[in-house]
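Chemist: As input, take run39.txt (compact mmCIF, N, CA and C atoms):
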# COMPACT_ATOMS: atom_id res chain seq x y z
N ALA V 1 -98.56 19.59 -66.16
CA ALA V 1 -97.19 19.66 -65.72
C ALA V 1 -97.15 19.72 -64.20
N VAL V 2 -96.11 19.15 -63.63
CA VAL V 2 -95.90 19.23 -62.19
C VAL V 2 -95.02 20.44 -61.92
N VAL V 3 -95.45 21.29 -61.01
CA VAL V 3 -94.68 22.48 -60.65
C VAL V 3 -94.40 22.45 -59.16
N SER V 4 -93.34 23.13 -58.75
CA SER V 4 -93.02 23.14 -57.32
C SER V 4 -92.45 24.49 -56.91
N THR V 5 -92.51 24.71 -55.59
CA THR V 5 -91.85 25.86 -55.00
C THR V 5 -90.69 25.32 -54.18
N GLN V 6 -89.77 26.15 -53.84
CA GLN V 6 -88.61 25.71 -53.07
C GLN V 6 -89.02 25.23 -51.68
N SER V 7 -90.14 25.70 -51.16
CA SER V 7 -90.56 25.34 -49.80
C SER V 7 -91.35 24.04 -49.72
N GLY V 8 -91.44 23.29 -50.82
CA GLY V 8 -92.08 21.98 -50.76
C GLY V 8 -93.54 21.94 -51.14
N HIS V 9 -94.07 22.99 -51.72
CA HIS V 9 -95.44 22.98 -52.22
C HIS V 9 -95.41 22.59 -53.69
N TYR V 10 -96.32 21.69 -54.06
CA TYR V 10 -96.37 21.19 -55.43
C TYR V 10 -97.75 21.37 -55.97
N GLY V 11 -97.82 21.36 -57.25
CA GLY V 11 -99.13 21.45 -57.87
C GLY V 11 -99.11 20.91 -59.28
N ARG V 12 -100.28 20.72 -59.76
CA ARG V 12 -100.45 20.36 -61.16
C ARG V 12 -100.83 21.63 -61.86
N GLY V 13 -100.04 22.01 -62.84
CA GLY V 13 -100.28 23.27 -63.54
C GLY V 13 -100.78 23.05 -64.95
N ASP V 14 -101.63 23.93 -65.38
CA ASP V 14 -102.11 23.94 -66.75
C ASP V 14 -101.21 24.91 -67.52
N MET V 15 -100.40 24.39 -68.40
CA MET V 15 -99.43 25.21 -69.12
C MET V 15 -100.08 26.15 -70.13
N ARG V 16 -101.31 25.86 -70.53
CA ARG V 16 -101.99 26.75 -71.47
C ARG V 16 -102.47 28.03 -70.79
N THR V 17 -102.92 27.89 -69.52
CA THR V 17 -103.46 29.04 -68.82
C THR V 17 -102.52 29.58 -67.74
N TRP V 18 -101.45 28.86 -67.45
CA TRP V 18 -100.49 29.22 -66.42
C TRP V 18 -101.15 29.28 -65.04
N LYS V 19 -102.11 28.38 -64.80
CA LYS V 19 -102.80 28.33 -63.51
C LYS V 19 -102.53 27.00 -62.83
N ILE V 20 -102.50 27.06 -61.50
CA ILE V 20 -102.37 25.84 -60.70
C ILE V 20 -103.74 25.22 -60.55
N ILE V 21 -103.85 23.94 -60.90
CA ILE V 21 -105.13 23.24 -60.83
C ILE V 21 -105.38 22.73 -59.41
N ASN V 22 -104.38 22.12 -58.82
CA ASN V 22 -104.46 21.71 -57.42
C ASN V 22 -103.04 21.61 -56.88
N GLU V 23 -102.91 21.58 -55.54
CA GLU V 23 -101.57 21.56 -54.97
C GLU V 23 -101.53 20.71 -53.71
N PHE V 24 -100.32 20.29 -53.33
CA PHE V 24 -100.09 19.57 -52.09
C PHE V 24 -98.71 19.95 -51.58
N GLN V 25 -98.43 19.58 -50.33
CA GLN V 25 -97.12 19.87 -49.75
C GLN V 25 -96.34 18.58 -49.61
N ASP V 26 -95.07 18.63 -49.98
CA ASP V 26 -94.18 17.48 -49.86
C ASP V 26 -93.97 17.18 -48.38
N ASP V 27 -94.11 15.93 -48.02
CA ASP V 27 -93.98 15.49 -46.64
C ASP V 27 -92.54 15.62 -46.17
N GLY V 28 -92.27 16.61 -45.34
CA GLY V 28 -90.95 16.77 -44.74
C GLY V 28 -89.94 17.58 -45.52
N ALA V 29 -90.26 18.02 -46.71
CA ALA V 29 -89.30 18.79 -47.50
C ALA V 29 -89.27 20.24 -47.03
N LEU V 30 -88.08 20.70 -46.69
CA LEU V 30 -87.94 22.09 -46.30
C LEU V 30 -87.49 22.94 -47.47
N HIS V 31 -86.53 22.44 -48.25
CA HIS V 31 -86.04 23.15 -49.43
C HIS V 31 -85.90 22.16 -50.58
N VAL V 32 -86.76 22.29 -51.55
CA VAL V 32 -86.76 21.40 -52.70
C VAL V 32 -85.65 21.84 -53.66
N THR V 33 -84.85 20.88 -54.11
CA THR V 33 -83.74 21.19 -55.01
C THR V 33 -83.84 20.47 -56.34
N SER V 34 -84.69 19.45 -56.42
CA SER V 34 -84.80 18.69 -57.66
C SER V 34 -86.15 17.98 -57.70
N ILE V 35 -86.71 17.89 -58.90
CA ILE V 35 -87.95 17.14 -59.10
C ILE V 35 -87.87 16.44 -60.43
N GLY V 36 -88.30 15.18 -60.45
CA GLY V 36 -88.32 14.41 -61.68
C GLY V 36 -89.59 13.60 -61.73
N HIS V 37 -90.01 13.20 -62.92
CA HIS V 37 -91.24 12.41 -63.00
C HIS V 37 -91.16 11.41 -64.16
N SER V 38 -91.89 10.33 -63.97
CA SER V 38 -92.07 9.33 -65.02
C SER V 38 -93.57 9.22 -65.24
N SER V 39 -94.01 8.23 -65.99
CA SER V 39 -95.43 8.06 -66.22
C SER V 39 -96.16 7.60 -64.96
N ARG V 40 -95.43 7.04 -63.98
CA ARG V 40 -96.06 6.51 -62.76
C ARG V 40 -95.61 7.17 -61.46
N HIS V 41 -94.44 7.81 -61.46
CA HIS V 41 -93.88 8.31 -60.21
C HIS V 41 -93.40 9.76 -60.32
N VAL V 42 -93.32 10.40 -59.16
CA VAL V 42 -92.69 11.72 -59.02
C VAL V 42 -91.67 11.59 -57.91
N ALA V 43 -90.45 12.07 -58.16
CA ALA V 43 -89.38 12.06 -57.16
C ALA V 43 -89.02 13.49 -56.82
N VAL V 44 -88.92 13.77 -55.52
CA VAL V 44 -88.64 15.12 -55.04
C VAL V 44 -87.39 15.06 -54.18
N GLY V 45 -86.34 15.78 -54.60
CA GLY V 45 -85.09 15.83 -53.85
C GLY V 45 -84.99 17.10 -53.05
N SER V 46 -84.28 17.03 -51.93
CA SER V 46 -84.17 18.21 -51.05
C SER V 46 -82.71 18.53 -50.74
N ASP V 47 -82.52 19.67 -50.09
CA ASP V 47 -81.17 20.09 -49.75
C ASP V 47 -80.53 19.23 -48.66
N SER V 48 -81.31 18.44 -47.96
CA SER V 48 -80.78 17.55 -46.91
C SER V 48 -80.36 16.19 -47.46
N GLY V 49 -80.61 15.94 -48.74
CA GLY V 49 -80.26 14.65 -49.34
C GLY V 49 -81.41 13.66 -49.37
N VAL V 50 -82.54 14.01 -48.81
CA VAL V 50 -83.71 13.13 -48.79
C VAL V 50 -84.44 13.22 -50.12
N VAL V 51 -84.87 12.05 -50.62
CA VAL V 51 -85.68 12.00 -51.84
C VAL V 51 -86.98 11.28 -51.50
N ASN V 52 -88.11 11.93 -51.76
CA ASN V 52 -89.42 11.32 -51.58
C ASN V 52 -89.93 10.86 -52.93
N ILE V 53 -90.43 9.63 -52.97
CA ILE V 53 -91.02 9.09 -54.20
C ILE V 53 -92.52 8.95 -53.99
N TYR V 54 -93.28 9.54 -54.91
CA TYR V 54 -94.73 9.52 -54.85
C TYR V 54 -95.30 8.76 -56.04
N ASN V 55 -96.47 8.16 -55.84
CA ASN V 55 -97.26 7.68 -56.95
C ASN V 55 -97.79 8.92 -57.65
N LYS V 56 -97.65 9.01 -58.96
CA LYS V 56 -98.05 10.22 -59.68
C LYS V 56 -99.53 10.55 -59.49
N ASP V 57 -100.38 9.53 -59.40
CA ASP V 57 -101.81 9.78 -59.21
C ASP V 57 -102.10 10.38 -57.83
N ASP V 58 -101.27 10.06 -56.83
CA ASP V 58 -101.51 10.55 -55.48
C ASP V 58 -101.19 12.03 -55.31
N ILE V 59 -100.35 12.58 -56.16
CA ILE V 59 -99.99 13.99 -55.97
C ILE V 59 -101.13 14.93 -56.30
N TYR V 60 -102.18 14.41 -56.88
CA TYR V 60 -103.33 15.25 -57.17
C TYR V 60 -104.30 15.32 -55.99
N LYS V 61 -103.95 14.64 -54.90
CA LYS V 61 -104.73 14.72 -53.66
C LYS V 61 -104.08 15.78 -52.78
N THR V 62 -104.85 16.39 -51.91
CA THR V 62 -104.29 17.47 -51.09
C THR V 62 -103.32 16.97 -50.03
N SER V 63 -103.50 15.77 -49.51
CA SER V 63 -102.54 15.23 -48.54
C SER V 63 -102.02 13.91 -49.08
N SER V 64 -100.81 13.94 -49.54
CA SER V 64 -100.20 12.77 -50.16
C SER V 64 -98.98 12.33 -49.36
N LYS V 65 -98.90 11.06 -49.07
CA LYS V 65 -97.73 10.51 -48.38
C LYS V 65 -96.84 9.83 -49.41
N PRO V 66 -95.53 9.94 -49.25
CA PRO V 66 -94.64 9.28 -50.21
C PRO V 66 -94.72 7.76 -50.13
N LEU V 67 -94.50 7.12 -51.27
CA LEU V 67 -94.39 5.66 -51.30
C LEU V 67 -93.12 5.22 -50.58
N ARG V 68 -92.09 6.04 -50.74
CA ARG V 68 -90.79 5.71 -50.15
C ARG V 68 -90.03 7.00 -49.86
N VAL V 69 -89.35 7.02 -48.74
CA VAL V 69 -88.46 8.11 -48.38
C VAL V 69 -87.04 7.56 -48.43
N LEU V 70 -86.22 8.10 -49.32
CA LEU V 70 -84.85 7.63 -49.49
C LEU V 70 -83.89 8.57 -48.78
N MET V 71 -83.01 8.00 -47.98
CA MET V 71 -82.02 8.80 -47.27
C MET V 71 -80.62 8.27 -47.59
N ASN V 72 -80.38 8.04 -48.88
CA ASN V 72 -79.11 7.46 -49.32
C ASN V 72 -78.06 8.50 -49.65
N LEU V 73 -78.44 9.76 -49.74
CA LEU V 73 -77.48 10.84 -49.96
C LEU V 73 -77.49 11.74 -48.73
N THR V 74 -76.38 12.38 -48.47
CA THR V 74 -76.29 13.24 -47.29
C THR V 74 -76.12 14.72 -47.64
N THR V 75 -76.04 15.02 -48.91
CA THR V 75 -75.91 16.41 -49.35
C THR V 75 -77.01 16.72 -50.36
N GLU V 76 -77.12 17.97 -50.74
CA GLU V 76 -78.18 18.45 -51.62
C GLU V 76 -78.35 17.60 -52.87
N VAL V 77 -79.58 17.19 -53.13
CA VAL V 77 -79.89 16.39 -54.33
C VAL V 77 -80.01 17.35 -55.51
N ASP V 78 -79.11 17.19 -56.49
CA ASP V 78 -79.11 18.06 -57.66
C ASP V 78 -79.95 17.50 -58.81
N ARG V 79 -79.98 16.18 -58.93
CA ARG V 79 -80.66 15.58 -60.09
C ARG V 79 -81.51 14.39 -59.63
N THR V 80 -82.70 14.29 -60.18
CA THR V 80 -83.58 13.13 -60.05
C THR V 80 -84.04 12.79 -61.46
N VAL V 81 -83.54 11.68 -62.00
CA VAL V 81 -83.79 11.34 -63.40
C VAL V 81 -84.33 9.92 -63.50
N PHE V 82 -85.45 9.76 -64.19
CA PHE V 82 -86.04 8.45 -64.44
C PHE V 82 -85.60 7.94 -65.81
N ASN V 83 -85.46 6.62 -65.94
CA ASN V 83 -85.20 6.08 -67.27
C ASN V 83 -86.50 6.07 -68.06
N SER V 84 -86.43 5.80 -69.35
CA SER V 84 -87.60 5.93 -70.22
C SER V 84 -88.72 4.95 -69.90
N THR V 85 -88.39 3.81 -69.31
CA THR V 85 -89.42 2.82 -68.98
C THR V 85 -89.99 3.02 -67.58
N GLY V 86 -89.40 3.91 -66.80
CA GLY V 86 -89.88 4.15 -65.45
C GLY V 86 -89.50 3.08 -64.45
N GLU V 87 -88.52 2.27 -64.78
CA GLU V 87 -88.09 1.19 -63.88
C GLU V 87 -86.95 1.61 -62.96
N LEU V 88 -86.20 2.63 -63.38
CA LEU V 88 -85.05 3.09 -62.59
C LEU V 88 -85.14 4.59 -62.35
N LEU V 89 -84.65 4.98 -61.18
CA LEU V 89 -84.50 6.38 -60.84
C LEU V 89 -83.04 6.58 -60.44
N ALA V 90 -82.41 7.59 -61.00
CA ALA V 90 -81.04 7.94 -60.61
C ALA V 90 -81.12 9.26 -59.84
N ILE V 91 -80.43 9.30 -58.69
CA ILE V 91 -80.37 10.52 -57.89
C ILE V 91 -78.91 10.85 -57.66
N SER V 92 -78.58 12.14 -57.62
CA SER V 92 -77.18 12.51 -57.44
C SER V 92 -77.03 13.83 -56.71
N SER V 93 -75.82 14.01 -56.18
CA SER V 93 -75.41 15.25 -55.56
C SER V 93 -74.00 15.55 -56.04
N LYS V 94 -73.77 16.78 -56.49
CA LYS V 94 -72.44 17.13 -56.99
C LYS V 94 -71.49 17.58 -55.89
N GLU V 95 -71.99 17.67 -54.66
CA GLU V 95 -71.15 18.18 -53.57
C GLU V 95 -70.09 17.20 -53.09
N LEU V 96 -70.39 15.91 -53.11
CA LEU V 96 -69.43 14.90 -52.66
C LEU V 96 -69.12 13.92 -53.78
N LYS V 97 -67.92 13.39 -53.79
CA LYS V 97 -67.55 12.37 -54.77
C LYS V 97 -68.42 11.13 -54.58
N HIS V 98 -68.68 10.45 -55.69
CA HIS V 98 -69.40 9.18 -55.72
C HIS V 98 -70.84 9.28 -55.22
N SER V 99 -71.44 10.45 -55.28
CA SER V 99 -72.81 10.64 -54.78
C SER V 99 -73.83 10.44 -55.89
N LEU V 100 -73.94 9.21 -56.35
CA LEU V 100 -74.92 8.81 -57.35
C LEU V 100 -75.52 7.50 -56.88
N ARG V 101 -76.83 7.40 -56.89
CA ARG V 101 -77.51 6.19 -56.48
C ARG V 101 -78.56 5.83 -57.53
N LEU V 102 -78.76 4.52 -57.71
CA LEU V 102 -79.82 4.01 -58.59
C LEU V 102 -80.89 3.38 -57.72
N ILE V 103 -82.14 3.65 -58.05
CA ILE V 103 -83.28 3.13 -57.30
C ILE V 103 -84.10 2.24 -58.23
N ASN V 104 -84.34 1.00 -57.79
CA ASN V 104 -85.21 0.08 -58.51
C ASN V 104 -86.64 0.44 -58.11
N LEU V 105 -87.45 0.88 -59.07
CA LEU V 105 -88.79 1.35 -58.73
C LEU V 105 -89.80 0.24 -58.54
N HIS V 106 -89.46 -0.99 -58.90
CA HIS V 106 -90.36 -2.11 -58.59
C HIS V 106 -90.32 -2.40 -57.09
N SER V 107 -89.12 -2.36 -56.52
CA SER V 107 -88.97 -2.63 -55.08
C SER V 107 -88.86 -1.36 -54.24
N LEU V 108 -88.67 -0.21 -54.90
CA LEU V 108 -88.44 1.07 -54.24
C LEU V 108 -87.21 1.01 -53.32
N GLN V 109 -86.21 0.28 -53.75
CA GLN V 109 -84.99 0.11 -52.97
C GLN V 109 -83.79 0.63 -53.77
N CYS V 110 -82.83 1.16 -53.05
CA CYS V 110 -81.57 1.59 -53.65
C CYS V 110 -80.78 0.35 -54.04
N VAL V 111 -80.15 0.37 -55.21
CA VAL V 111 -79.30 -0.74 -55.63
C VAL V 111 -78.11 -0.80 -54.67
N PRO V 112 -77.98 -1.88 -53.89
CA PRO V 112 -77.00 -1.88 -52.80
C PRO V 112 -75.54 -2.05 -53.21
N ASN V 113 -75.28 -2.64 -54.34
CA ASN V 113 -73.89 -2.95 -54.70
C ASN V 113 -73.31 -2.03 -55.76
N TRP V 114 -73.92 -0.84 -55.91
CA TRP V 114 -73.40 0.11 -56.89
C TRP V 114 -73.67 1.53 -56.41
N PRO V 115 -72.80 2.46 -56.53
CA PRO V 115 -71.46 2.29 -57.09
C PRO V 115 -70.52 1.59 -56.10
N THR V 116 -69.51 0.96 -56.65
CA THR V 116 -68.51 0.31 -55.81
C THR V 116 -67.36 1.28 -55.58
N SER V 117 -66.43 0.88 -54.75
CA SER V 117 -65.27 1.73 -54.50
C SER V 117 -64.38 1.86 -55.73
N ASN V 118 -64.56 0.97 -56.71
CA ASN V 118 -63.77 1.02 -57.95
C ASN V 118 -64.47 1.77 -59.08
N THR V 119 -65.70 2.25 -58.84
CA THR V 119 -66.42 2.99 -59.86
C THR V 119 -65.89 4.42 -59.90
N PRO V 120 -65.32 4.84 -61.03
CA PRO V 120 -64.69 6.18 -61.10
C PRO V 120 -65.70 7.30 -61.38
N LEU V 121 -66.50 7.66 -60.39
CA LEU V 121 -67.52 8.68 -60.61
C LEU V 121 -67.03 10.10 -60.39
N ALA V 122 -66.23 10.31 -59.37
CA ALA V 122 -65.81 11.65 -58.95
C ALA V 122 -67.06 12.46 -58.59
N HIS V 123 -67.11 13.75 -58.96
CA HIS V 123 -68.27 14.59 -58.67
C HIS V 123 -69.24 14.50 -59.85
N VAL V 124 -70.47 14.09 -59.59
CA VAL V 124 -71.48 13.93 -60.64
C VAL V 124 -72.19 15.26 -60.82
N SER V 125 -72.04 15.87 -62.00
CA SER V 125 -72.69 17.15 -62.25
C SER V 125 -73.93 17.02 -63.12
N ASP V 126 -74.04 15.94 -63.89
CA ASP V 126 -75.21 15.74 -64.73
C ASP V 126 -75.29 14.27 -65.11
N MET V 127 -76.46 13.82 -65.50
CA MET V 127 -76.64 12.43 -65.92
C MET V 127 -77.92 12.30 -66.72
N HIS V 128 -77.93 11.30 -67.57
CA HIS V 128 -79.10 10.97 -68.38
C HIS V 128 -79.06 9.49 -68.67
N PHE V 129 -80.21 8.91 -68.94
CA PHE V 129 -80.28 7.55 -69.43
C PHE V 129 -80.29 7.60 -70.95
N SER V 130 -79.84 6.52 -71.58
CA SER V 130 -79.85 6.47 -73.04
C SER V 130 -81.30 6.42 -73.54
N PRO V 131 -81.51 6.86 -74.79
CA PRO V 131 -82.87 6.81 -75.34
C PRO V 131 -83.42 5.39 -75.29
N ASN V 132 -84.64 5.26 -74.85
CA ASN V 132 -85.31 3.96 -74.72
C ASN V 132 -84.57 3.00 -73.80
N SER V 133 -83.65 3.52 -72.97
CA SER V 133 -82.87 2.70 -72.03
C SER V 133 -82.18 1.55 -72.75
N GLY V 134 -81.65 1.84 -73.91
CA GLY V 134 -81.08 0.80 -74.77
C GLY V 134 -79.68 0.34 -74.44
N TYR V 135 -78.93 1.03 -73.62
CA TYR V 135 -77.55 0.63 -73.36
C TYR V 135 -77.34 0.36 -71.91
If you convert what's in this file into structure tokens, what do you get?
Modeler:
Amino acid sequence: AVVSTQSGHYGRGDMRTWKIINEFQDDGALHVTSIGHSSRHVAVGSDSGVVNIYNKDDIYKTSSKPLRVLMNLTTEVDRTVFNSTGELLAISSKELKHSLRLINLHSLQCVPNWPTSNTPLAHVSDMHFSPNSGY
């Protein structure tokens, strides 16, 4: 399991023994507010709105640099959610209206044309992808 502290220290934990196997520090994170993972990536959100995306294998090294640093949100990241296939990452902040972004993990780029001004999001408090990303 991936575990974290609020100050940006991460580790791989053994849930059977409750021990940290190894750890690293998130590059630039001062206050971690959200963490999500897929089979290939780990996403770490912070109170400044920055999300770092790591290759999951790299987090087991003591000094790991993110694959991508996303600065698409300006307020605290509340949720980092991957779809079941690991192709999309959704990040959100409930502090401002319309603060939801989708990240294409093949290109590590934010989807530029969504949400639009006509997308009725309001304040996003929670989100999930459908099972098997079927819808």
Chemist: For segment 90-101 of chain V, list every protein, DNA or RNA residue within 8 Å, evaluated using only C-alpha atoms, and leave out those in the same chain fewer than 4 positions away; present the list as a VMD selection string.
Modeler: chain V and resid 49 72 to 73 75 to 82 110 to 111 114 to 115 120 to 125
Chemist: How far is it from atom C of Pro112 of chain V to atom CA of Ser39 of chain V, in Å with one decimal?
Modeler: 25.8 Å
Chemist: Would you work out the distance separating atom CA of Val42 of chain V from atom CA of Asp126 of chain V, expressed in Å to one decimal?
Modeler: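 The value is 18.8 Å.
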Chemist: Considering only C-alpha atoms, state which residue in the set V:His31, V:Arg16, V:His106, V:His37 is at the smallest distance from Val50 of chain V.
Modeler: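 Closest to Val50 of chain V of all the choices is V:His31.
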Chemist: Determine which residues of segment 34-131 of chain V receive a DSSP assignment of helix (DSSP H, G or I), computed from the backbone, and state them as a ChimeraX atom specification.
Modeler: /V:56-60,131
Chemist: Out of V:Thr116, V:Ser133, V:Ser34, V:Thr17, which residue has the shortest atom-to-atom distance to Thr85 of chain V when counting only C-alpha atoms?
Modeler: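 Closest to Thr85 of chain V, using only C-alpha atoms: V:Ser133.
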Chemist: For segment 77-83 of chain V, I'd like the enclosing box, axis-aligned and padded by 8 Å on every side, reported as AutoDock Vina command-line options with centre and edge lengths in Å to one decimal.
Modeler:
--center_x -82.8 --center_y 12.1 --center_z -60.6 --size_x 23.4 --size_y 28.0 --size_z 30.9
Chemist: What gap, in Å, lies between atom CA of Val69 of chain V and atom CA of Arg40 of chain V?
Modeler: 16.3 Å
Chemist: Check the DSSP output for the backbone and give back, as a PyMOL selection string, the residues of chain V in strand (DSSP E).
Modeler: chain V and resi 2-4+9-14+19-25+32-37+41-46+51-55+68-70+79-82+88-92+100-104+109-110
